[in-house]
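Novice: Structure file start35.cif (mmCIF, C-alpha atoms) right here:
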```
data_data
#
loop_
_atom_site.label_atom_id
_atom_site.label_comp_id
_atom_site.auth_asym_id
_atom_site.auth_seq_id
_atom_site.Cartn_x
_atom_site.Cartn_y
_atom_site.Cartn_z
CA MET C 1 -115.00 18.19 12.87
CA THR C 2 -111.50 17.87 14.32
CA ILE C 3 -109.29 15.58 12.23
CA ASP C 4 -106.89 13.23 13.99
CA LEU C 5 -103.67 14.09 12.16
CA GLY C 6 -101.74 11.62 14.30
CA HIS C 7 -103.60 8.54 13.07
CA HIS C 8 -101.54 6.24 10.82
CA GLY C 9 -102.03 2.91 9.10
CA ASP C 10 -100.10 0.90 11.66
CA ALA C 11 -102.92 1.56 14.15
CA GLU C 12 -105.23 -0.50 11.93
CA VAL C 13 -103.05 -3.61 11.90
CA GLY C 14 -103.59 -6.44 14.39
CA ALA C 15 -102.73 -10.07 14.99
CA GLY C 16 -104.16 -12.39 12.37
CA LEU C 17 -105.15 -9.60 9.98
CA ILE C 18 -104.01 -9.36 6.36
CA ASP C 19 -102.36 -5.94 6.18
CA LEU C 20 -103.72 -3.62 3.49
CA ALA C 21 -103.36 -0.60 5.78
CA VAL C 22 -99.60 0.03 5.82
CA ASN C 23 -97.81 1.08 2.64
CA VAL C 24 -94.64 -0.92 3.25
CA ARG C 25 -93.64 -3.70 0.88
CA HIS C 26 -93.78 -7.22 2.29
CA ALA C 27 -90.88 -9.23 0.87
CA PRO C 28 -87.75 -11.03 2.09
CA MET C 29 -84.77 -8.73 2.55
CA PRO C 30 -82.11 -9.19 -0.17
CA GLU C 31 -78.70 -10.42 0.96
CA TRP C 32 -76.95 -7.29 -0.26
CA LEU C 33 -79.01 -5.38 2.31
CA SER C 34 -79.24 -7.85 5.17
CA ALA C 35 -75.50 -8.63 5.19
CA PRO C 36 -74.30 -5.05 5.84
CA LEU C 37 -77.02 -4.60 8.44
CA VAL C 38 -75.79 -7.66 10.31
CA ARG C 39 -72.16 -6.53 9.99
CA SER C 40 -73.06 -3.10 11.36
CA LEU C 41 -74.09 -4.67 14.67
CA GLY C 42 -70.43 -5.35 15.38
CA GLY C 43 -69.74 -1.60 15.45
CA LEU C 44 -72.41 -0.49 17.89
CA ALA C 45 -69.86 0.42 20.57
CA ALA C 46 -68.79 3.41 18.48
CA TYR C 47 -70.86 6.50 17.84
CA PRO C 48 -72.39 6.61 14.34
CA GLU C 49 -70.27 8.14 11.59
CA ASN C 50 -72.33 9.28 8.64
CA ALA C 51 -69.75 10.45 6.08
CA GLN C 52 -69.86 7.30 3.94
CA ALA C 53 -73.67 7.25 3.90
CA VAL C 54 -73.84 10.93 2.95
CA ALA C 55 -71.40 10.25 0.12
CA ALA C 56 -73.47 7.30 -1.12
CA VAL C 57 -76.72 9.28 -1.14
CA SER C 58 -75.12 12.28 -2.82
CA GLU C 59 -73.67 10.07 -5.54
CA ARG C 60 -77.02 8.39 -6.14
CA HIS C 61 -78.75 11.70 -6.74
CA ARG C 62 -75.78 13.54 -8.27
CA ARG C 63 -75.88 16.14 -5.51
CA ASP C 64 -73.10 17.78 -3.54
CA ARG C 65 -72.57 16.26 -0.12
CA ASP C 66 -73.57 19.47 1.63
CA GLU C 67 -76.97 19.15 -0.08
CA VAL C 68 -77.75 15.90 1.80
CA LEU C 69 -79.09 15.59 5.34
CA LEU C 70 -79.72 12.11 6.73
CA THR C 71 -82.70 11.72 9.05
CA ALA C 72 -84.24 9.10 11.32
CA GLY C 73 -86.94 8.35 8.78
CA ALA C 74 -88.45 10.88 6.39
CA ALA C 75 -91.03 11.79 9.05
CA GLN C 76 -88.29 13.34 11.20
CA ALA C 77 -87.61 15.76 8.36
CA PHE C 78 -91.06 17.32 8.79
CA VAL C 79 -90.27 18.06 12.42
CA LEU C 80 -86.90 19.60 11.52
CA LEU C 81 -88.48 21.84 8.90
CA ALA C 82 -91.24 22.94 11.24
CA GLN C 83 -88.83 23.70 14.05
CA ALA C 84 -86.07 25.33 12.01
CA LEU C 85 -88.44 27.49 9.94
CA ARG C 86 -90.49 28.95 12.78
CA GLY C 87 -90.21 32.33 11.08
CA ALA C 88 -92.38 31.22 8.15
CA ARG C 89 -95.23 33.70 7.76
CA ARG C 90 -97.71 31.67 5.71
CA PRO C 91 -97.15 27.89 5.70
CA VAL C 92 -99.37 25.97 3.28
CA VAL C 93 -99.98 22.22 3.11
CA ILE C 94 -101.52 20.83 -0.07
CA HIS C 95 -104.10 18.16 0.77
CA PRO C 96 -105.03 15.32 0.59
CA GLN C 97 -101.55 14.61 1.89
CA PHE C 98 -99.62 12.67 4.49
CA THR C 99 -100.72 14.29 7.74
CA GLU C 100 -97.35 14.56 9.49
CA PRO C 101 -96.26 17.82 7.77
CA GLU C 102 -99.29 19.66 9.10
CA ALA C 103 -99.04 17.98 12.50
CA ALA C 104 -95.36 18.96 12.81
CA LEU C 105 -96.11 22.53 11.79
CA ARG C 106 -98.94 22.87 14.29
CA ASN C 107 -96.86 21.31 17.08
CA ALA C 108 -94.18 23.94 16.38
CA GLY C 109 -96.71 26.74 16.76
CA HIS C 110 -97.39 27.51 13.09
CA GLU C 111 -100.80 28.54 11.82
CA VAL C 112 -101.32 26.26 8.82
CA GLU C 113 -103.32 27.03 5.70
CA ARG C 114 -104.73 24.15 3.67
CA VAL C 115 -105.06 23.99 -0.09
CA ILE C 116 -107.50 21.18 -0.93
CA LEU C 117 -107.20 19.49 -4.31
CA SER C 118 -110.43 18.53 -6.04
CA GLU C 119 -111.68 15.00 -6.54
CA ALA C 120 -113.42 16.27 -9.69
CA ARG C 121 -109.96 16.99 -11.15
CA GLY C 122 -108.58 13.65 -10.03
CA PHE C 123 -106.77 15.26 -7.07
CA ARG C 124 -104.22 16.67 -9.53
CA LEU C 125 -102.07 19.60 -8.47
CA ASP C 126 -102.97 23.08 -9.69
CA ALA C 127 -100.08 25.36 -8.72
CA SER C 128 -102.26 28.46 -9.09
CA LEU C 129 -104.25 27.45 -5.99
CA VAL C 130 -101.28 28.14 -3.69
CA PRO C 131 -101.21 31.72 -2.35
CA GLU C 132 -98.47 33.76 -3.98
CA ASP C 133 -97.16 35.04 -0.65
CA SER C 134 -96.82 31.60 0.96
CA ASP C 135 -93.21 31.20 2.04
CA LEU C 136 -93.37 27.49 3.04
CA VAL C 137 -95.26 24.91 0.94
CA PHE C 138 -95.61 21.14 1.39
CA VAL C 139 -96.74 18.76 -1.36
CA GLY C 140 -96.45 14.99 -1.77
CA ASN C 141 -95.43 13.28 -5.02
CA PRO C 142 -96.73 10.67 -5.44
CA THR C 143 -99.23 11.80 -2.86
CA ASN C 144 -100.24 9.70 0.11
CA PRO C 145 -103.15 8.81 0.32
CA THR C 146 -104.43 9.36 -3.24
CA SER C 147 -101.45 7.79 -5.06
CA VAL C 148 -101.62 10.62 -7.63
CA LEU C 149 -98.34 11.49 -9.35
CA HIS C 150 -98.15 15.21 -10.15
CA PRO C 151 -96.18 16.45 -13.18
CA ALA C 152 -92.76 17.66 -12.07
CA GLU C 153 -93.17 20.85 -14.06
CA GLU C 154 -96.42 21.69 -12.28
CA ILE C 155 -94.66 21.33 -8.93
CA ALA C 156 -91.72 23.36 -10.26
CA LYS C 157 -94.12 26.28 -10.80
CA LEU C 158 -94.36 26.54 -7.02
CA ALA C 159 -90.65 27.27 -6.57
CA ARG C 160 -89.54 30.88 -6.20
CA PRO C 161 -87.04 33.00 -4.25
CA GLY C 162 -88.07 33.53 -0.64
CA ARG C 163 -90.11 30.32 -0.48
CA VAL C 164 -89.15 26.87 0.81
CA LEU C 165 -90.90 24.26 -1.32
CA VAL C 166 -90.96 20.82 0.34
CA VAL C 167 -91.74 17.85 -1.91
CA ASP C 168 -92.35 14.59 -0.08
CA GLU C 169 -91.01 11.85 -2.39
CA ALA C 170 -91.19 9.05 0.17
CA PHE C 171 -92.89 6.86 -2.46
CA SER C 172 -91.11 8.11 -5.57
CA ASP C 173 -89.16 4.88 -5.94
CA THR C 174 -92.47 3.00 -6.31
CA THR C 175 -93.43 4.87 -9.48
CA TYR C 176 -92.88 3.49 -12.97
CA ARG C 177 -93.40 4.56 -16.55
CA PRO C 178 -92.71 2.22 -19.48
CA GLY C 179 -89.78 3.43 -21.53
CA PHE C 180 -88.58 5.82 -18.81
CA ALA C 181 -85.36 4.76 -17.11
CA GLY C 182 -85.72 6.53 -13.78
CA GLU C 183 -88.44 7.72 -11.43
CA PRO C 184 -90.98 9.68 -13.46
CA GLU C 185 -91.66 13.21 -12.15
CA SER C 186 -88.98 13.09 -9.42
CA LEU C 187 -87.30 16.39 -8.55
CA ALA C 188 -84.57 14.80 -6.43
CA GLY C 189 -81.83 15.76 -8.88
CA ARG C 190 -82.99 19.32 -9.54
CA ARG C 191 -80.64 22.00 -8.23
CA ASP C 192 -81.98 24.89 -10.31
CA LEU C 193 -85.21 25.48 -8.39
CA PRO C 194 -84.86 28.03 -5.56
CA GLY C 195 -85.77 26.78 -2.10
CA LEU C 196 -86.54 23.22 -3.23
CA VAL C 197 -86.29 20.56 -0.52
CA VAL C 198 -86.98 16.93 -1.46
CA LEU C 199 -87.70 14.30 1.21
CA ARG C 200 -86.87 10.66 0.56
CA SER C 201 -87.48 7.41 2.44
CA LEU C 202 -85.78 4.03 2.27
CA THR C 203 -88.38 2.28 4.40
CA LYS C 204 -91.16 1.59 1.89
CA THR C 205 -89.70 -0.56 -0.88
CA TRP C 206 -87.15 -2.28 1.34
CA GLY C 207 -89.39 -2.94 4.34
CA LEU C 208 -87.31 -0.90 6.80
CA ALA C 209 -89.99 1.03 8.66
CA GLY C 210 -88.61 -0.13 12.00
CA LEU C 211 -85.08 1.02 11.18
CA ARG C 212 -85.99 4.71 10.59
CA ILE C 213 -83.88 5.96 7.72
CA GLY C 214 -84.56 8.76 5.25
CA TYR C 215 -82.96 11.95 4.03
CA LEU C 216 -83.40 15.49 2.77
CA LEU C 217 -82.00 16.92 -0.45
CA GLY C 218 -81.87 20.68 -0.57
CA PRO C 219 -79.92 23.94 -0.72
CA ALA C 220 -76.55 23.88 1.04
CA ASP C 221 -77.34 27.15 2.81
CA LEU C 222 -80.59 25.77 4.29
CA LEU C 223 -79.62 22.30 5.47
CA PRO C 224 -77.36 23.44 8.36
CA ARG C 225 -80.39 25.18 9.89
CA LEU C 226 -82.28 21.90 9.77
CA ALA C 227 -79.33 19.91 11.11
CA ALA C 228 -79.14 22.25 14.09
CA ALA C 229 -82.63 21.06 15.10
CA GLN C 230 -81.54 17.41 15.16
CA PRO C 231 -80.32 15.61 18.29
CA LEU C 232 -76.73 14.39 18.35
CA TRP C 233 -76.10 11.24 16.26
CA PRO C 234 -79.68 11.19 14.93
CA VAL C 235 -79.19 8.22 12.59
CA SER C 236 -78.10 4.86 13.97
CA THR C 237 -75.18 2.80 12.66
CA PRO C 238 -77.46 0.10 11.15
CA ALA C 239 -79.57 2.80 9.47
CA LEU C 240 -76.43 4.33 7.96
CA ALA C 241 -75.47 0.89 6.64
CA ALA C 242 -78.89 0.64 5.02
CA ALA C 243 -78.49 4.08 3.42
CA ILE C 244 -75.22 2.99 1.84
CA ALA C 245 -76.58 -0.30 0.58
CA CYS C 246 -79.84 1.16 -0.78
CA SER C 247 -78.00 3.91 -2.66
CA SER C 248 -75.90 1.51 -4.72
CA PRO C 249 -76.48 1.13 -8.47
CA ALA C 250 -77.61 -2.46 -7.88
CA ALA C 251 -80.24 -1.30 -5.37
CA VAL C 252 -81.51 1.44 -7.68
CA ALA C 253 -81.80 -1.08 -10.54
CA ALA C 254 -83.68 -3.46 -8.23
CA GLU C 255 -86.06 -0.65 -7.28
CA ARG C 256 -86.91 -0.13 -10.96
CA THR C 257 -87.66 -3.83 -11.36
CA ILE C 258 -89.83 -3.84 -8.24
CA ALA C 259 -91.67 -0.71 -9.39
CA ALA C 260 -92.44 -2.33 -12.75
CA SER C 261 -93.85 -5.40 -11.01
CA LEU C 262 -95.83 -3.19 -8.63
CA ALA C 263 -97.37 -1.41 -11.62
CA GLY C 264 -98.80 -4.72 -12.78
CA ASP C 265 -100.16 -5.56 -9.34
CA ARG C 266 -101.65 -2.07 -9.05
CA ALA C 267 -103.33 -2.33 -12.45
CA HIS C 268 -104.83 -5.66 -11.37
CA LEU C 269 -106.20 -4.09 -8.18
CA VAL C 270 -107.64 -1.11 -10.06
CA GLY C 271 -109.23 -3.47 -12.59
CA ARG C 272 -110.86 -5.61 -9.93
CA LEU C 273 -112.10 -2.58 -7.99
CA GLY C 274 -113.51 -1.13 -11.19
CA ARG C 275 -116.03 -3.98 -11.24
CA VAL C 276 -117.20 -3.35 -7.67
CA PRO C 277 -120.54 -1.50 -7.73
CA LYS C 278 -120.75 2.01 -6.25
CA LEU C 279 -117.00 2.23 -5.59
CA THR C 280 -114.78 5.00 -6.99
CA VAL C 281 -110.97 4.87 -7.17
CA ALA C 282 -109.31 8.22 -6.54
CA GLY C 283 -107.53 9.79 -9.48
CA ALA C 284 -104.94 7.80 -11.43
CA PRO C 285 -103.00 5.72 -8.87
CA ALA C 286 -99.24 5.58 -9.40
CA SER C 287 -97.79 4.17 -6.18
CA ALA C 288 -98.02 1.28 -3.71
CA PHE C 289 -101.52 2.21 -2.52
CA LEU C 290 -104.74 3.85 -3.64
CA SER C 291 -107.82 5.44 -2.12
CA VAL C 292 -111.45 4.47 -2.76
CA ARG C 293 -114.75 6.19 -2.05
CA LEU C 294 -117.82 4.22 -1.07
CA ASP C 295 -120.82 4.93 1.12
CA GLY C 296 -120.59 3.73 4.70
CA ALA C 297 -116.82 3.26 4.59
CA ALA C 298 -116.48 3.17 8.38
CA LYS C 299 -118.88 0.26 8.77
CA ILE C 300 -117.31 -1.50 5.81
CA ARG C 301 -113.85 -1.10 7.34
CA HIS C 302 -115.00 -2.70 10.59
CA GLU C 303 -116.69 -5.55 8.72
CA LEU C 304 -113.55 -6.16 6.66
CA ARG C 305 -111.58 -6.26 9.88
CA ARG C 306 -113.97 -8.84 11.29
CA ARG C 307 -113.33 -10.94 8.20
CA GLY C 308 -109.55 -10.69 8.43
CA TYR C 309 -108.49 -7.56 6.50
CA ALA C 310 -106.97 -4.34 7.84
CA VAL C 311 -107.52 -1.26 5.66
CA ARG C 312 -106.75 2.40 6.35
CA ARG C 313 -109.57 4.77 7.25
CA GLY C 314 -109.72 7.90 5.09
CA ASP C 315 -111.49 10.36 7.36
CA THR C 316 -108.24 11.44 9.03
CA PHE C 317 -106.95 12.90 5.75
CA PRO C 318 -108.03 16.51 5.13
CA GLY C 319 -109.67 16.62 1.72
CA LEU C 320 -111.10 13.09 1.90
CA GLY C 321 -113.71 12.15 4.52
CA VAL C 322 -115.83 9.46 6.08
CA ASP C 323 -116.58 7.73 2.77
CA TRP C 324 -112.94 6.98 1.97
CA LEU C 325 -110.58 4.07 2.57
CA ARG C 326 -106.93 3.61 1.58
CA LEU C 327 -105.73 0.22 0.35
CA ALA C 328 -102.17 -1.02 -0.07
CA VAL C 329 -101.30 -2.79 -3.32
CA ARG C 330 -100.42 -6.44 -2.72
CA ASP C 331 -99.90 -9.47 -4.96
CA THR C 332 -102.72 -10.48 -7.28
CA ALA C 333 -103.80 -13.46 -5.19
CA THR C 334 -104.21 -11.28 -2.11
CA THR C 335 -106.07 -8.70 -4.19
CA ASP C 336 -108.47 -11.28 -5.60
CA ALA C 337 -109.26 -12.70 -2.18
CA PHE C 338 -109.74 -9.23 -0.70
CA VAL C 339 -112.00 -7.93 -3.47
CA ASP C 340 -114.15 -11.05 -3.18
CA VAL C 341 -114.62 -10.36 0.53
CA LEU C 342 -115.25 -6.65 -0.07
CA THR C 343 -117.86 -7.47 -2.70
CA ALA C 344 -119.58 -9.87 -0.33
CA VAL C 345 -119.66 -7.24 2.40
CA LEU C 346 -121.22 -4.71 0.04
CA GLU C 347 -123.81 -7.19 -1.22
CA GLU C 348 -124.89 -8.00 2.32
CA ARG C 349 -125.66 -4.38 3.19
CA PRO C 350 -129.36 -3.55 3.55
#
```
Show how you would write the structure in this file as structure tokens.
Specialist:
Amino acid sequence: MTIDLGHHGDAEVGAGLIDLAVNVRHAPMPEWLSAPLVRSLGGLAAYPENAQAVAAVSERHRRDRDEVLLTAGAAQAFVLLAQALRGARRPVVIHPQFTEPEAALRNAGHEVERVILSEARGFRLDASLVPEDSDLVFVGNPTNPTSVLHPAEEIAKLARPGRVLVVDEAFSDTTYRPGFAGEPESLAGRRDLPGLVVLRSLTKTWGLAGLRIGYLLGPADLLPRLAAAQPLWPVSTPALAAAIACSSPAAVAAERTIAASLAGDRAHLVGRLGRVPKLTVAGAPASAFLSVRLDGAAKIRHELRRRGYAVRRGDTFPGLGVDWLRLAVRDTATTDAFVDVLTAVLEERP
């Protein structure tokens, strides 16, 4: 069966539907973010200048400025990597995983090898599964769609000279561990691992999907090759303003508070789903979404849509299949209402 790698959660959303399909936080924009965005509109006559945004991102992650590449959303980074690294001999994508890395590689003419993580092991990463001679490896952490957070040291085992290791941390700021001050298992600050490239997004927590802003952190000798694949002025002036604002200490502290609250909402969702008969939650969810397995998921998804809820189909993710759905974590009231409807749908099946 051919898998539609280009299908994304936004295709599930429609007028009047409660959105559990898109993994973007729904909340009012804080003034410290909205104000600079509004001010940036007064400078649209000039071409974008990214130096201040690069400096802000580099300071946030304690990286040199030449180790930062701003992109029009993290998804653009996959295209840059695929285009700039056309000489890769054996690209590997670890699945289940966000489908854009593989799509970008295939569109650039690469032959892609898949490493499929096992549901029996909770979709946890096993570095030994990746072929030793792979020179380009993609892995998500936490992984979309399973929400599994891999140990940083297990991912670090994949790094070696002659290999570019790409870690998609688009949802890293959603992760939380009690007693841990930062983002558990993030590799964004690591400079000791050869060939490590970390992708980051600012669109999830801050609801900026329409603005398109993300960045790459990686070796200073690699990033110019990726930048050469970008169009001129790839990041808009408002997006640069957002990068500056979201890299501030106040923003990072706010992310930690939001992540802690999200952990509570996620635990509530997992608890409610745990009481739904014949439903299995994938692995140990750690982000703003989770995946569930249940028989007849396609029919259930359509019935949920008829009753006002948009959820993400799972059959377009290699390593999942027709019996999977992905659900975004929302507030507890939304969760309770949704699980009640889901339970009713399941009880009405013949």
Novice: At most 10 Å from (-94.1, 14.6, -10.9), file frame, only C-alpha atoms: which residues, as a PDB file with C-alpha atoms, in the frame of the given file?
Specialist:
```
ATOM      1  CA  LEU C 125    -102.070  19.600  -8.470  1.00  0.00           C
ATOM      2  CA  GLY C 140     -96.450  14.990  -1.770  1.00  0.00           C
ATOM      3  CA  ASN C 141     -95.430  13.280  -5.020  1.00  0.00           C
ATOM      4  CA  PRO C 142     -96.730  10.670  -5.440  1.00  0.00           C
ATOM      5  CA  THR C 143     -99.230  11.800  -2.860  1.00  0.00           C
ATOM      6  CA  VAL C 148    -101.620  10.620  -7.630  1.00  0.00           C
ATOM      7  CA  LEU C 149     -98.340  11.490  -9.350  1.00  0.00           C
ATOM      8  CA  HIS C 150     -98.150  15.210 -10.150  1.00  0.00           C
ATOM      9  CA  PRO C 151     -96.180  16.450 -13.180  1.00  0.00           C
ATOM     10  CA  ALA C 152     -92.760  17.660 -12.070  1.00  0.00           C
ATOM     11  CA  GLU C 153     -93.170  20.850 -14.060  1.00  0.00           C
ATOM     12  CA  GLU C 154     -96.420  21.690 -12.280  1.00  0.00           C
ATOM     13  CA  ILE C 155     -94.660  21.330  -8.930  1.00  0.00           C
ATOM     14  CA  ALA C 156     -91.720  23.360 -10.260  1.00  0.00           C
ATOM     15  CA  VAL C 167     -91.740  17.850  -1.910  1.00  0.00           C
ATOM     16  CA  GLU C 169     -91.010  11.850  -2.390  1.00  0.00           C
ATOM     17  CA  SER C 172     -91.110   8.110  -5.570  1.00  0.00           C
ATOM     18  CA  THR C 175     -93.430   4.870  -9.480  1.00  0.00           C
ATOM     19  CA  GLU C 183     -88.440   7.720 -11.430  1.00  0.00           C
ATOM     20  CA  PRO C 184     -90.980   9.680 -13.460  1.00  0.00           C
ATOM     21  CA  GLU C 185     -91.660  13.210 -12.150  1.00  0.00           C
ATOM     22  CA  SER C 186     -88.980  13.090  -9.420  1.00  0.00           C
ATOM     23  CA  LEU C 187     -87.300  16.390  -8.550  1.00  0.00           C
TER      24      LEU C 187
END
```
Novice: I would like the residues chosen by the PyMOL selection byres ((chain C and resi 173) around 10) on the shown file; could you give them as a PyMOL selection string?
Specialist: chain C and resi 142+169-172+174-176+182-184+186+200-202+204-205+252+255-256+258-259+287-288
Novice: Just write the chosen residues, C-alpha atoms, as a CSV table (one decimal), in the frame of the given file.
Specialist:
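Wrote it out as selection_37.csv, contents follow:
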```csv
chain,number,residue,atom,x,y,z
C,142,PRO,CA,-96.7,10.7,-5.4
C,169,GLU,CA,-91.0,11.8,-2.4
C,170,ALA,CA,-91.2,9.0,0.2
C,171,PHE,CA,-92.9,6.9,-2.5
C,172,SER,CA,-91.1,8.1,-5.6
C,174,THR,CA,-92.5,3.0,-6.3
C,175,THR,CA,-93.4,4.9,-9.5
C,176,TYR,CA,-92.9,3.5,-13.0
C,182,GLY,CA,-85.7,6.5,-13.8
C,183,GLU,CA,-88.4,7.7,-11.4
C,184,PRO,CA,-91.0,9.7,-13.5
C,186,SER,CA,-89.0,13.1,-9.4
C,200,ARG,CA,-86.9,10.7,0.6
C,201,SER,CA,-87.5,7.4,2.4
C,202,LEU,CA,-85.8,4.0,2.3
C,204,LYS,CA,-91.2,1.6,1.9
C,205,THR,CA,-89.7,-0.6,-0.9
C,252,VAL,CA,-81.5,1.4,-7.7
C,255,GLU,CA,-86.1,-0.6,-7.3
C,256,ARG,CA,-86.9,-0.1,-11.0
C,258,ILE,CA,-89.8,-3.8,-8.2
C,259,ALA,CA,-91.7,-0.7,-9.4
C,287,SER,CA,-97.8,4.2,-6.2
C,288,ALA,CA,-98.0,1.3,-3.7
```
Novice: Work out how far CA of Asp221 in chain C is from CA of Val197 in chain C, in Å to one decimal.
Specialist: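 Between these atoms lies a distance of 11.6 Å.
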Novice: For a test of reading the model, state the distance in Å between CA of Ala159 in chain C and CA of Leu223 in chain C, rounded to one decimal.
Specialist: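 Spanning CA of Ala159 in chain C to CA of Leu223 in chain C is a straight-line distance of 17.1 Å.
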Novice: I need the residue set behind the PyMOL selection byres ((chain C and resi 9) around 12) for this file; please write it as a ChimeraX atom specification.
Specialist: /C:5-8,10-14,19-24,98-99,144-145,289,310-314,316-317,325-328
Novice: Could you check which of C:Pro30, C:Pro277, C:Gly271, C:Pro234 is closest to Glu347 in chain C, using all atoms listed in the file?
Specialist: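 The shortest atom-to-atom distance to Glu347 in chain C comes from C:Pro277.
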Novice: Which residue gives the smallest distance to Pro36 in chain C among C:Arg293, C:Ala120, C:Ser134, C:Ala242, with only C-alpha atoms counted?
Specialist: C:Ala242
Novice: Running the PyMOL selection byres ((chain C and resi 323) around 8) on this model by hand, what would come out? Give it as an MDAnalysis selection string.
Specialist: chainID C and resid 293:298 314:315 320:322 324:325
Novice: Using only C-alpha atoms, determine which residues lie at most 7 Å from Ala282 in chain C, disregarding the query and same-chain residues fewer than 6 positions distant; provide the list as number ranges by chain.
Specialist: C: 122, 146, 290-292
Novice: For C-alpha atoms, I'd like the residues from the last selection saved as a tab-separated table (two decimals), in the frame of the given file.
Specialist:
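After the write, again.tsv holds the following:
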```tsv
chain	number	residue	atom	x	y	z
C	122	GLY	CA	-108.58	13.65	-10.03
C	146	THR	CA	-104.43	9.36	-3.24
C	290	LEU	CA	-104.74	3.85	-3.64
C	291	SER	CA	-107.82	5.44	-2.12
C	292	VAL	CA	-111.45	4.47	-2.76
```
Novice: Given only C-alpha atoms as the basis, pick out the residue of C:Pro194, C:Gly308, C:Gly207, C:Pro161 nearest to Cys246 in chain C.
Specialist: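 Comparing C:Pro194, C:Gly308, C:Gly207, C:Pro161 against Cys246 in chain C, the winner is C:Gly207.
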Novice: Mind pulling up the distance from CA of Pro285 in chain C to CA of Ala267 in chain C?
Specialist: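 CA of Pro285 in chain C lies 8.8 Å from CA of Ala267 in chain C.
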Novice: Report as a list in words all protein, DNA and RNA residues lying within 12 Å of Ala227 in chain C, evaluated on all atoms listed in the file, omitting residues in the same chain fewer than 5 positions from it.
Specialist: Asp66, Glu67, Val68, Leu69, Leu70, Thr71, Ala72, Gln76, Ala77, Val79, Leu80, Leu81, Gln83, Ala84, Leu85, Tyr215, Leu216, Gly218, Ala220, Asp221, Leu222, Leu232, Trp233, Pro234 and Val235 of chain C
Novice: Can you tell me, as a list in words, what residues are no more than 12 Å from Val115 in chain C when counting all atoms listed in the file, ignoring any on the same chain fewer than 5 positions away?
Specialist: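 Residues meeting the cut-off are Pro91, Val92, Val93, Ile94, His95, Pro96, Gln97, Glu102, Phe123, Arg124, Leu125, Asp126, Ala127, Ser128, Leu129, Val130, Pro131, Ser134, Val137, Phe138, Val139, Pro318 and Gly319 of chain C.
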Novice: Please write out, as JSON, where the centre of an axis-aligned box around all listed atoms of range 161-180 of chain C lies and how long its edges are, in Å to one decimal, after adding 4 Å on each side.
Specialist:
```
{"center_x": -90.2, "center_y": 17.9, "center_z": -10.4, "size_x": 14.4, "size_y": 39.3, "size_z": 30.3}
```
Novice: Given only C-alpha atoms as the basis, pick out the residue of C:Ala344, C:Val270, C:Ala260, C:Leu211 nearest to Ala241 in chain C.
Specialist: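 Between C:Ala344, C:Val270, C:Ala260, C:Leu211, the residue approaching Ala241 in chain C most closely is C:Leu211.
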